[in-house]
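Some notes on the structure that comes next.
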Amino acid sequence: MYDRILVATDGSEAAAAAGDVAVTLAEAFAADLHAVFVEETERWPFTFDEQQAAEMRQEGEEVVSSVADRAAEAGIEATTAVLGGEDPIHRTVLTYADEQGVDAIVMGTHGRTGVGRLLIGSVTEQLLRESTVPVVTVREKTTVEWPFEDVLVPIDGSASAHAALSEAIELAKQTDAAVHLVHVVDTGLVTGDVDGGLVLEALEEAGEQALDIASDRVAQSAVTTVEASVVSGSPSTAICAYADERDVDAIVMGTHGRTGVERVLLGSVAEGVIRRSELPVFAIKAAQES
């Protein structure tokens, strides 16, 4: 499923956790592992001198070597690189991933608050927006329980959710995991003078239809175990609560989705889940959104 996995690291706690998750996934899929550190020698209003740049490169070498050492303990030979250049960090990572044929990127959601940071709202968010391959986001306390036994997929009928379901089915096939489908009725959409009961009923019916279509796809695959649920509340909160209650091992979701009329989820639902959940989140972008 994954032949080449890339982990972008900056030496922070979240990046270290991402390295551990990347090693686990590389071992599980017998995949090649790449660990990269991106130099950032300019950040307005500062420009690094030659000595500072050399120190950063040395630090980068130490950081990627640390990932390689953890990989070696698992019997994996990792390819390491310290990358530079004038492009933004996320673009440098994506260019490397494209050149190396990487099919999954793992990175921390929060990093150091200095140079080279990996932060939601910065590098990680930009990667989520632009990456054409799955991005697995990891927080400081995230671990991977492999093999997966339960995988959760939020469903809203969008192309992005459709792509996420395809990814989840493939993941589930690797471990005979159960696929959980959840549709969240966003109660925050019921405002003003509208008849709240009728609106909620319509939203629930639309959710049931989306779940029926998704359930049929799962049933037609080699994955036989599926649970489908409609829940209500704030979408990101409800998704994380469901994951905690069902003790799932991973969340697979689209980076863009639909609530009412088509709406970009990054910055709301997808980012909210990534911020809240201690689970690995496999963020998937539909091909037509590239």
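We label chains A, B, ... in the order they appear in the structure tokens, count residues from 1 in each chain, and number ligands from 1 in the order shown.
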DSSP on the backbone, then: every residue of region 81-218 of chain A marked strand (DSSP E or B), written as a ChimeraX atom specification.
-> /A:81-83,104-108,135-138,150-154,178-186
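For Thr95 (chain A), the set of protein, DNA and RNA residues having any atom at most 12 Å away, when counting only C-alpha atoms and skipping those fewer than 2 positions along the same chain, is Leu6, Val36, Val38, Leu83, Gly84, Gly85, Asp87, Pro88, Ile89, His90, Arg91, Thr92, Val93, Ala97, Asp98, Glu99, Gln100, Gly101, Val102, Leu127, Glu130, Ser131 and Thr132 of chain A.
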Can I get the selection written as a short mmCIF file (atom, residue, chain, number, x, y, z; two decimals), in the first residue's frame, with N, CA and C atoms?
data_model
loop_
_atom_site.label_atom_id
_atom_site.label_comp_id
_atom_site.auth_asym_id
_atom_site.auth_seq_id
_atom_site.Cartn_x
_atom_site.Cartn_y
_atom_site.Cartn_z
N LEU A 6 7.77 9.19 3.89
CA LEU A 6 8.64 10.32 4.22
C LEU A 6 8.21 10.91 5.56
N VAL A 36 13.70 13.71 6.51
CA VAL A 36 14.27 14.96 6.03
C VAL A 36 14.14 16.06 7.07
N VAL A 38 14.48 20.34 6.95
CA VAL A 38 14.58 21.47 6.01
C VAL A 38 15.24 22.65 6.71
N LEU A 83 17.71 19.37 3.71
CA LEU A 83 17.34 20.09 2.50
C LEU A 83 17.43 21.60 2.71
N GLY A 84 17.85 22.30 1.69
CA GLY A 84 17.90 23.76 1.74
C GLY A 84 17.27 24.34 0.50
N GLY A 85 17.52 25.61 0.28
CA GLY A 85 16.96 26.27 -0.89
C GLY A 85 16.10 27.45 -0.51
N ASP A 87 12.83 27.89 -1.48
CA ASP A 87 11.40 27.61 -1.41
C ASP A 87 10.94 27.53 0.04
N PRO A 88 9.63 27.77 0.29
CA PRO A 88 9.09 27.55 1.64
C PRO A 88 9.29 26.10 2.06
N ILE A 89 9.25 25.85 3.37
CA ILE A 89 9.52 24.51 3.89
C ILE A 89 8.57 23.48 3.29
N HIS A 90 7.28 23.77 3.29
CA HIS A 90 6.33 22.77 2.81
C HIS A 90 6.57 22.45 1.34
N ARG A 91 6.94 23.45 0.54
CA ARG A 91 7.19 23.21 -0.88
C ARG A 91 8.46 22.38 -1.06
N THR A 92 9.46 22.62 -0.24
CA THR A 92 10.69 21.83 -0.29
C THR A 92 10.40 20.36 0.03
N VAL A 93 9.58 20.14 1.06
CA VAL A 93 9.20 18.77 1.42
C VAL A 93 8.43 18.11 0.29
N ALA A 97 9.38 14.85 -1.92
CA ALA A 97 8.46 13.71 -1.95
C ALA A 97 8.14 13.31 -3.39
N ASP A 98 7.91 14.30 -4.24
CA ASP A 98 7.59 14.02 -5.63
C ASP A 98 8.78 13.39 -6.35
N GLU A 99 9.96 13.92 -6.11
CA GLU A 99 11.16 13.40 -6.77
C GLU A 99 11.47 11.97 -6.35
N GLN A 100 11.16 11.63 -5.10
CA GLN A 100 11.48 10.30 -4.57
C GLN A 100 10.32 9.31 -4.72
N GLY A 101 9.20 9.75 -5.27
CA GLY A 101 8.05 8.86 -5.43
C GLY A 101 7.42 8.46 -4.11
N VAL A 102 7.43 9.37 -3.14
CA VAL A 102 6.86 9.10 -1.83
C VAL A 102 5.34 8.99 -1.94
N LEU A 127 1.04 21.78 3.94
CA LEU A 127 1.19 20.43 3.38
C LEU A 127 -0.17 19.78 3.18
N GLU A 130 -1.82 21.12 0.08
CA GLU A 130 -1.21 20.93 -1.24
C GLU A 130 -0.78 19.50 -1.55
N SER A 131 -0.59 18.67 -0.56
CA SER A 131 -0.07 17.32 -0.82
C SER A 131 -1.07 16.49 -1.60
N THR A 132 -0.59 15.78 -2.60
CA THR A 132 -1.43 14.86 -3.36
C THR A 132 -1.36 13.44 -2.83
#
Counting only C-alpha atoms, which of A:Gly233, A:Glu167, A:Asp150, A:Ala222 gets nearest to Glu245 (chain A)?
-> A:Asp150
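Taking CA of Val218 (chain A) as the reference point, CA of Val182 (chain A) is found at 13.3 Å.
For the pair CA of Gln58 (chain A) and CA of Glu27 (chain A), the separation is 27.6 Å.
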For Asp32 (chain A), please output as a PyMOL selection string all residues within 7 Å (counting only C-alpha atoms; exclusion window: fewer than 5 positions along the same chain).
-> chain A and resi 3-5+26+78
Could you list, with a cut-off of 7 Å and counting only C-alpha atoms, the residues of region 137-209 of chain A near region 103-109 of chain A, each shown with its nearest atom pair and the distance in Å rounded to one decimal, rows sorted by chain and ascending number, as a Markdown table?
| residue | atom | partner | partner_atom | distance |
| --- | --- | --- | --- | --- |
| A:Thr137 | CA | A:Met107 | CA | 5.4 |
| A:Val138 | CA | A:Gly108 | CA | 4.6 |
| A:Arg139 | CA | A:Gly108 | CA | 5.7 |
Write out as a ChimeraX atom specification which residues come within 9 Å of region 268-282 of chain A when counting only C-alpha atoms, dropping same-chain ones fewer than 3 positions away.
-> /A:21,106,109,120,125,134-144,164,167-168,234-237,239-240,243-244,248-257,264-265
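A straight line drawn from CA of Gly207 (chain A) to CA of Leu165 (chain A) is 15.2 Å long.
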Quick one: pick out all alpha helix (DSSP H) residues within region 176-289 of chain A from a backbone DSSP run and write them as number ranges by chain.
-> A: 196-220, 235-246, 269-276
Spatial neighbours of Glu227 (chain A), max dist 12 Å, only C-alpha atoms, sep filter under 4 positions, as a VMD selection string = chain A and resid 150 to 154 177 to 183 211 to 212 214 to 216 218 to 219 223 242 246 248
Dump of N, CA, C and O atoms for the selected residues, as a short mmCIF file (atom, residue, chain, number, x, y, z; two decimals), in the first residue's frame:
data_model
loop_
_atom_site.label_atom_id
_atom_site.label_comp_id
_atom_site.auth_asym_id
_atom_site.auth_seq_id
_atom_site.Cartn_x
_atom_site.Cartn_y
_atom_site.Cartn_z
N ASP A 150 -9.44 -1.04 14.52
CA ASP A 150 -10.59 -0.21 14.23
C ASP A 150 -10.13 1.09 13.57
O ASP A 150 -9.26 1.79 14.11
N VAL A 151 -10.71 1.40 12.42
CA VAL A 151 -10.38 2.61 11.67
C VAL A 151 -11.66 3.43 11.49
O VAL A 151 -12.70 2.90 11.10
N LEU A 152 -11.58 4.72 11.79
CA LEU A 152 -12.75 5.60 11.72
C LEU A 152 -12.66 6.50 10.49
O LEU A 152 -11.62 7.11 10.23
N VAL A 153 -13.77 6.61 9.75
CA VAL A 153 -13.85 7.48 8.59
C VAL A 153 -15.07 8.39 8.71
O VAL A 153 -16.21 7.92 8.66
N PRO A 154 -14.88 9.69 8.88
CA PRO A 154 -16.01 10.63 8.82
C PRO A 154 -16.54 10.71 7.39
O PRO A 154 -15.75 10.84 6.44
N ALA A 177 -9.09 -5.01 9.85
CA ALA A 177 -9.66 -4.06 10.82
C ALA A 177 -11.13 -3.78 10.52
O ALA A 177 -11.59 -3.93 9.39
N ALA A 178 -11.84 -3.37 11.55
CA ALA A 178 -13.22 -2.92 11.39
C ALA A 178 -13.20 -1.46 10.93
O ALA A 178 -12.41 -0.65 11.40
N VAL A 179 -14.08 -1.14 9.99
CA VAL A 179 -14.22 0.22 9.51
C VAL A 179 -15.45 0.85 10.16
O VAL A 179 -16.54 0.31 10.07
N HIS A 180 -15.24 1.97 10.82
CA HIS A 180 -16.35 2.71 11.43
C HIS A 180 -16.64 3.92 10.56
O HIS A 180 -15.73 4.70 10.23
N LEU A 181 -17.89 4.09 10.18
CA LEU A 181 -18.32 5.25 9.40
C LEU A 181 -19.17 6.14 10.28
O LEU A 181 -20.08 5.66 10.96
N VAL A 182 -18.87 7.42 10.30
CA VAL A 182 -19.66 8.33 11.13
C VAL A 182 -20.00 9.57 10.32
O VAL A 182 -19.16 10.12 9.59
N HIS A 183 -21.25 9.97 10.40
CA HIS A 183 -21.69 11.24 9.82
C HIS A 183 -22.16 12.13 10.96
O HIS A 183 -22.97 11.70 11.79
N LEU A 211 -24.12 7.57 4.41
CA LEU A 211 -23.61 6.38 5.08
C LEU A 211 -24.01 5.11 4.34
O LEU A 211 -23.22 4.14 4.28
N ASP A 212 -25.22 5.07 3.79
CA ASP A 212 -25.66 3.89 3.04
C ASP A 212 -24.73 3.65 1.84
O ASP A 212 -24.33 2.51 1.56
N ALA A 214 -21.63 4.71 1.49
CA ALA A 214 -20.31 4.31 1.99
C ALA A 214 -20.33 2.86 2.48
O ALA A 214 -19.38 2.10 2.24
N SER A 215 -21.39 2.47 3.17
CA SER A 215 -21.50 1.10 3.68
C SER A 215 -21.52 0.09 2.54
O SER A 215 -20.92 -0.99 2.64
N ASP A 216 -22.19 0.44 1.46
CA ASP A 216 -22.23 -0.44 0.30
C ASP A 216 -20.82 -0.62 -0.28
O ASP A 216 -20.45 -1.74 -0.68
N VAL A 218 -18.00 -0.45 1.36
CA VAL A 218 -17.24 -1.32 2.26
C VAL A 218 -17.67 -2.77 2.08
O VAL A 218 -16.84 -3.68 2.04
N ALA A 219 -18.97 -2.98 1.97
CA ALA A 219 -19.49 -4.34 1.83
C ALA A 219 -18.99 -5.00 0.55
O ALA A 219 -18.80 -6.22 0.50
N VAL A 223 -13.34 -5.95 3.04
CA VAL A 223 -13.55 -5.59 4.43
C VAL A 223 -15.00 -5.90 4.79
O VAL A 223 -15.93 -5.38 4.17
N TYR A 242 -16.35 10.17 19.33
CA TYR A 242 -16.67 8.83 18.81
C TYR A 242 -15.41 7.96 18.82
O TYR A 242 -15.45 6.80 19.23
N ARG A 246 -15.13 4.49 20.98
CA ARG A 246 -14.99 3.20 20.29
C ARG A 246 -13.56 2.68 20.34
O ARG A 246 -13.28 1.61 19.82
N VAL A 248 -10.88 3.57 18.72
CA VAL A 248 -10.33 3.30 17.39
C VAL A 248 -8.83 3.58 17.38
O VAL A 248 -8.30 4.25 18.25
#
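Of the residues listed (A:Ala206, A:Ala161, A:Val23, A:Val199), A:Ala161 shows the shortest atom-to-atom separation from Ala287 (chain A); distances use only C-alpha atoms.
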Between A:Ala8, A:Val184, A:Ala210, A:Leu171, smallest distance to Val123 (chain A) by only C-alpha atoms belongs to A:Ala8
